[in-house]
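**Student:** Right, I'll just put the structure down here and ask away after.
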Amino acid sequence: MEKTTIKVAGMSCGHCEKAIIIALEDLGVAEVFASAKEQKVEIIFDPAKLTLDAIKKEIIEIGYQLP
């Protein structure tokens with residue numbers, strides 16, 4: 001398992017946090033913590049099953065930006 005933090009722009013509330021959490025859990029991320037206040041997402045994922053690029057692509061596809 002790998003742990004990383006991704007800076008995410010465009011989150012403004014708890015709904016935004018929940019949208020990212022649900023999308024990344026559905027994608028297969030093991031653990032997700034999203035913070036609109038800090039504009040970041042912390043994840044734990046299995047790099048043998050999921051790439052960081054795929055995770056970033058999902059965040060962009062649901063409407064957020066990676067600065």
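By order of appearance in the structure tokens: chains A, B, ..., then residues from 1 within every chain, and ligands from 1 in the order shown.
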Env of segment 52-64 of chain A: 8 Å cut, atoms = only C-alpha atoms, seq-sep filter 6 positions within chain, self excluded. Answer as a PyMOL selection string.
**Tutor:** chain A and resi 8-11+20+23-24+27
**Student:** Please identify which residues in chain A DSSP calls strand (DSSP E) from the backbone, and express them as a ChimeraX atom specification.
**Tutor:** /A:2-7,31-35,40-45
**Student:** With all heavy atoms retained, write the just-selected residues as a compact mmCIF listing (two decimals), in the first residue's frame.
**Tutor:**
```txt
# COMPACT_ATOMS: atom_id res chain seq x y z
N GLU A 2 0.38 2.26 -0.64
CA GLU A 2 1.12 3.52 -0.74
C GLU A 2 0.23 4.64 -0.22
O GLU A 2 -0.96 4.65 -0.47
CB GLU A 2 1.48 3.77 -2.20
CG GLU A 2 2.34 4.99 -2.43
CD GLU A 2 2.79 5.12 -3.88
OE1 GLU A 2 3.09 4.08 -4.51
OE2 GLU A 2 2.82 6.25 -4.38
N LYS A 3 0.84 5.58 0.50
CA LYS A 3 0.11 6.73 1.02
C LYS A 3 0.64 7.98 0.34
O LYS A 3 1.86 8.14 0.20
CB LYS A 3 0.29 6.84 2.53
CG LYS A 3 -0.47 8.00 3.13
CD LYS A 3 -0.32 8.04 4.64
CE LYS A 3 -1.13 9.18 5.22
NZ LYS A 3 -1.03 9.25 6.68
N THR A 4 -0.28 8.85 -0.10
CA THR A 4 0.15 10.09 -0.73
C THR A 4 -0.90 11.18 -0.50
O THR A 4 -2.05 10.89 -0.15
CB THR A 4 0.41 9.89 -2.24
OG1 THR A 4 1.06 11.04 -2.76
CG2 THR A 4 -0.87 9.64 -3.01
N THR A 5 -0.47 12.41 -0.69
CA THR A 5 -1.36 13.56 -0.58
C THR A 5 -1.40 14.27 -1.93
O THR A 5 -0.36 14.48 -2.55
CB THR A 5 -0.86 14.54 0.50
OG1 THR A 5 -0.81 13.85 1.75
CG2 THR A 5 -1.77 15.75 0.62
N ILE A 6 -2.61 14.62 -2.36
CA ILE A 6 -2.80 15.31 -3.63
C ILE A 6 -3.46 16.65 -3.34
O ILE A 6 -4.48 16.72 -2.65
CB ILE A 6 -3.73 14.49 -4.57
CG1 ILE A 6 -3.15 13.10 -4.81
CG2 ILE A 6 -3.94 15.23 -5.89
CD1 ILE A 6 -4.12 12.15 -5.51
N LYS A 7 -2.87 17.72 -3.85
CA LYS A 7 -3.48 19.04 -3.74
C LYS A 7 -4.64 19.11 -4.74
O LYS A 7 -4.48 18.73 -5.90
CB LYS A 7 -2.48 20.16 -4.05
CG LYS A 7 -1.42 20.31 -3.00
CD LYS A 7 -2.02 20.94 -1.76
CE LYS A 7 -0.96 21.28 -0.74
NZ LYS A 7 -1.55 21.80 0.48
N GLU A 31 -8.23 3.93 1.39
CA GLU A 31 -8.64 4.94 2.37
C GLU A 31 -8.53 6.32 1.75
O GLU A 31 -7.59 6.60 1.01
CB GLU A 31 -7.76 4.89 3.62
CG GLU A 31 -7.94 3.64 4.44
CD GLU A 31 -7.11 3.66 5.72
OE1 GLU A 31 -6.98 4.73 6.34
OE2 GLU A 31 -6.59 2.59 6.08
N VAL A 32 -9.51 7.19 2.07
CA VAL A 32 -9.53 8.55 1.53
C VAL A 32 -9.91 9.52 2.63
O VAL A 32 -10.86 9.29 3.37
CB VAL A 32 -10.58 8.70 0.40
CG1 VAL A 32 -10.50 10.08 -0.23
CG2 VAL A 32 -10.46 7.62 -0.64
N PHE A 33 -9.17 10.62 2.70
CA PHE A 33 -9.54 11.75 3.56
C PHE A 33 -9.46 13.00 2.70
O PHE A 33 -8.42 13.28 2.11
CB PHE A 33 -8.58 11.88 4.75
CG PHE A 33 -8.78 13.16 5.52
CD1 PHE A 33 -9.84 13.31 6.39
CD2 PHE A 33 -7.91 14.22 5.35
CE1 PHE A 33 -10.05 14.49 7.08
CE2 PHE A 33 -8.10 15.42 6.04
CZ PHE A 33 -9.17 15.55 6.90
N ALA A 34 -10.57 13.73 2.60
CA ALA A 34 -10.60 14.96 1.80
C ALA A 34 -10.84 16.15 2.71
O ALA A 34 -11.68 16.09 3.60
CB ALA A 34 -11.68 14.87 0.74
N SER A 35 -10.11 17.24 2.48
CA SER A 35 -10.27 18.46 3.26
C SER A 35 -10.45 19.66 2.34
O SER A 35 -9.51 20.04 1.64
CB SER A 35 -9.05 18.68 4.16
OG SER A 35 -9.13 19.94 4.78
N LYS A 40 -6.88 19.55 -0.02
CA LYS A 40 -6.05 18.37 -0.27
C LYS A 40 -6.85 17.10 -0.06
O LYS A 40 -7.89 17.10 0.61
CB LYS A 40 -4.82 18.37 0.62
CG LYS A 40 -5.11 18.10 2.09
CD LYS A 40 -3.84 18.05 2.91
CE LYS A 40 -4.15 17.73 4.37
NZ LYS A 40 -2.94 17.67 5.17
N VAL A 41 -6.34 16.04 -0.65
CA VAL A 41 -6.90 14.71 -0.49
C VAL A 41 -5.75 13.78 -0.10
O VAL A 41 -4.73 13.76 -0.78
CB VAL A 41 -7.56 14.21 -1.79
CG1 VAL A 41 -8.04 12.79 -1.65
CG2 VAL A 41 -8.70 15.13 -2.20
N GLU A 42 -5.92 13.07 0.99
CA GLU A 42 -4.93 12.08 1.41
C GLU A 42 -5.50 10.71 1.10
O GLU A 42 -6.66 10.43 1.41
CB GLU A 42 -4.66 12.20 2.91
CG GLU A 42 -4.02 13.52 3.29
CD GLU A 42 -3.86 13.69 4.80
OE1 GLU A 42 -4.39 12.87 5.57
OE2 GLU A 42 -3.21 14.67 5.19
N ILE A 43 -4.69 9.87 0.47
CA ILE A 43 -5.17 8.55 0.06
C ILE A 43 -4.18 7.45 0.41
O ILE A 43 -2.98 7.69 0.51
CB ILE A 43 -5.45 8.50 -1.46
CG1 ILE A 43 -4.19 8.86 -2.26
CG2 ILE A 43 -6.60 9.40 -1.84
CD1 ILE A 43 -4.31 8.62 -3.74
N ILE A 44 -4.72 6.27 0.59
CA ILE A 44 -3.92 5.04 0.70
C ILE A 44 -4.47 4.11 -0.37
O ILE A 44 -5.68 3.87 -0.43
CB ILE A 44 -4.02 4.41 2.10
CG1 ILE A 44 -3.45 5.36 3.15
CG2 ILE A 44 -3.29 3.07 2.12
CD1 ILE A 44 -3.59 4.88 4.59
N PHE A 45 -3.59 3.64 -1.24
CA PHE A 45 -4.02 2.79 -2.34
C PHE A 45 -2.97 1.74 -2.65
O PHE A 45 -1.83 1.84 -2.23
CB PHE A 45 -4.32 3.64 -3.59
CG PHE A 45 -3.10 4.26 -4.21
CD1 PHE A 45 -2.54 3.73 -5.36
CD2 PHE A 45 -2.51 5.40 -3.66
CE1 PHE A 45 -1.41 4.31 -5.94
CE2 PHE A 45 -1.39 5.98 -4.23
CZ PHE A 45 -0.84 5.43 -5.37
```
**Student:** For each of A:Ala36, A:Met1, A:Leu50, A:Gly28, take the minimum atom-to-atom distance to His15 of chain A, counting only C-alpha atoms, then give the residue where this is smallest.
**Tutor:**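 Selected residue with least distance to His15 of chain A: A:Ala36.
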**Student:** Pull the helix (DSSP H, G or I) assignments for chain A out of DSSP run on the backbone, and list those residues as an NGL selection string.
**Tutor:** :A and (14-27 or 52-61)
**Student:** Put those residues in a file: N, CA, C and O atoms, as a short mmCIF file (atom, residue, chain, number, x, y, z; two decimals), in the first residue's frame.
**Tutor:**
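For reference, result39.cif as written:
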```cif
data_model
loop_
_atom_site.label_atom_id
_atom_site.label_comp_id
_atom_site.auth_asym_id
_atom_site.auth_seq_id
_atom_site.Cartn_x
_atom_site.Cartn_y
_atom_site.Cartn_z
N GLY A 14 -18.36 20.44 2.56
CA GLY A 14 -18.43 19.04 2.90
C GLY A 14 -18.96 18.18 1.77
O GLY A 14 -18.57 17.03 1.61
N HIS A 15 -19.87 18.75 0.97
CA HIS A 15 -20.39 18.01 -0.18
C HIS A 15 -19.27 17.70 -1.17
O HIS A 15 -19.20 16.60 -1.73
N CYS A 16 -18.40 18.66 -1.39
CA CYS A 16 -17.26 18.46 -2.28
C CYS A 16 -16.36 17.33 -1.75
O CYS A 16 -15.92 16.47 -2.51
N GLU A 17 -16.09 17.38 -0.45
CA GLU A 17 -15.27 16.34 0.17
C GLU A 17 -15.91 14.97 -0.04
O GLU A 17 -15.24 14.01 -0.43
N LYS A 18 -17.21 14.87 0.21
CA LYS A 18 -17.92 13.60 0.09
C LYS A 18 -17.92 13.10 -1.35
O LYS A 18 -17.76 11.90 -1.60
N ALA A 19 -18.07 14.01 -2.32
CA ALA A 19 -18.07 13.62 -3.73
C ALA A 19 -16.74 12.98 -4.11
O ALA A 19 -16.70 11.95 -4.80
N ILE A 20 -15.64 13.56 -3.64
CA ILE A 20 -14.32 13.00 -3.94
C ILE A 20 -14.13 11.67 -3.22
O ILE A 20 -13.64 10.70 -3.80
N ILE A 21 -14.54 11.60 -1.97
CA ILE A 21 -14.39 10.36 -1.20
C ILE A 21 -15.15 9.21 -1.89
O ILE A 21 -14.60 8.13 -2.10
N ILE A 22 -16.39 9.45 -2.26
CA ILE A 22 -17.19 8.40 -2.90
C ILE A 22 -16.58 7.98 -4.23
O ILE A 22 -16.46 6.78 -4.53
N ALA A 23 -16.18 8.95 -5.04
CA ALA A 23 -15.61 8.63 -6.36
C ALA A 23 -14.33 7.80 -6.23
O ALA A 23 -14.14 6.83 -6.96
N LEU A 24 -13.47 8.16 -5.28
CA LEU A 24 -12.21 7.44 -5.14
C LEU A 24 -12.39 6.08 -4.48
O LEU A 24 -11.70 5.12 -4.83
N GLU A 25 -13.35 5.97 -3.57
CA GLU A 25 -13.65 4.66 -3.00
C GLU A 25 -14.19 3.73 -4.08
O GLU A 25 -13.83 2.56 -4.15
N ASP A 26 -15.08 4.25 -4.93
CA ASP A 26 -15.63 3.47 -6.04
C ASP A 26 -14.54 3.04 -7.01
O ASP A 26 -14.62 1.98 -7.63
N LEU A 27 -13.52 3.86 -7.14
CA LEU A 27 -12.40 3.56 -8.03
C LEU A 27 -11.51 2.44 -7.47
O LEU A 27 -10.86 1.74 -8.22
N LEU A 52 -1.54 6.21 -9.63
CA LEU A 52 -1.77 7.57 -9.17
C LEU A 52 -2.37 8.42 -10.29
O LEU A 52 -3.24 9.25 -10.04
N ASP A 53 -1.95 8.17 -11.52
CA ASP A 53 -2.51 8.90 -12.66
C ASP A 53 -4.00 8.64 -12.81
O ASP A 53 -4.78 9.56 -13.11
N ALA A 54 -4.44 7.41 -12.59
CA ALA A 54 -5.87 7.08 -12.68
C ALA A 54 -6.66 7.79 -11.58
O ALA A 54 -7.78 8.26 -11.82
N ILE A 55 -6.07 7.90 -10.41
CA ILE A 55 -6.72 8.59 -9.30
C ILE A 55 -6.86 10.08 -9.62
O ILE A 55 -7.93 10.67 -9.45
N LYS A 56 -5.79 10.68 -10.11
CA LYS A 56 -5.82 12.10 -10.47
C LYS A 56 -6.82 12.35 -11.60
O LYS A 56 -7.56 13.34 -11.58
N LYS A 57 -6.87 11.46 -12.57
CA LYS A 57 -7.81 11.59 -13.68
C LYS A 57 -9.25 11.57 -13.16
O LYS A 57 -10.09 12.36 -13.61
N GLU A 58 -9.55 10.71 -12.21
CA GLU A 58 -10.89 10.63 -11.64
C GLU A 58 -11.27 11.93 -10.93
O GLU A 58 -12.40 12.42 -11.07
N ILE A 59 -10.34 12.51 -10.19
CA ILE A 59 -10.60 13.78 -9.50
C ILE A 59 -10.94 14.87 -10.51
O ILE A 59 -11.88 15.64 -10.32
N ILE A 60 -10.20 14.92 -11.60
CA ILE A 60 -10.45 15.92 -12.65
C ILE A 60 -11.80 15.66 -13.32
O ILE A 60 -12.57 16.59 -13.57
N GLU A 61 -12.11 14.38 -13.60
CA GLU A 61 -13.36 14.04 -14.29
C GLU A 61 -14.60 14.40 -13.48
O GLU A 61 -15.64 14.67 -14.07
#
```
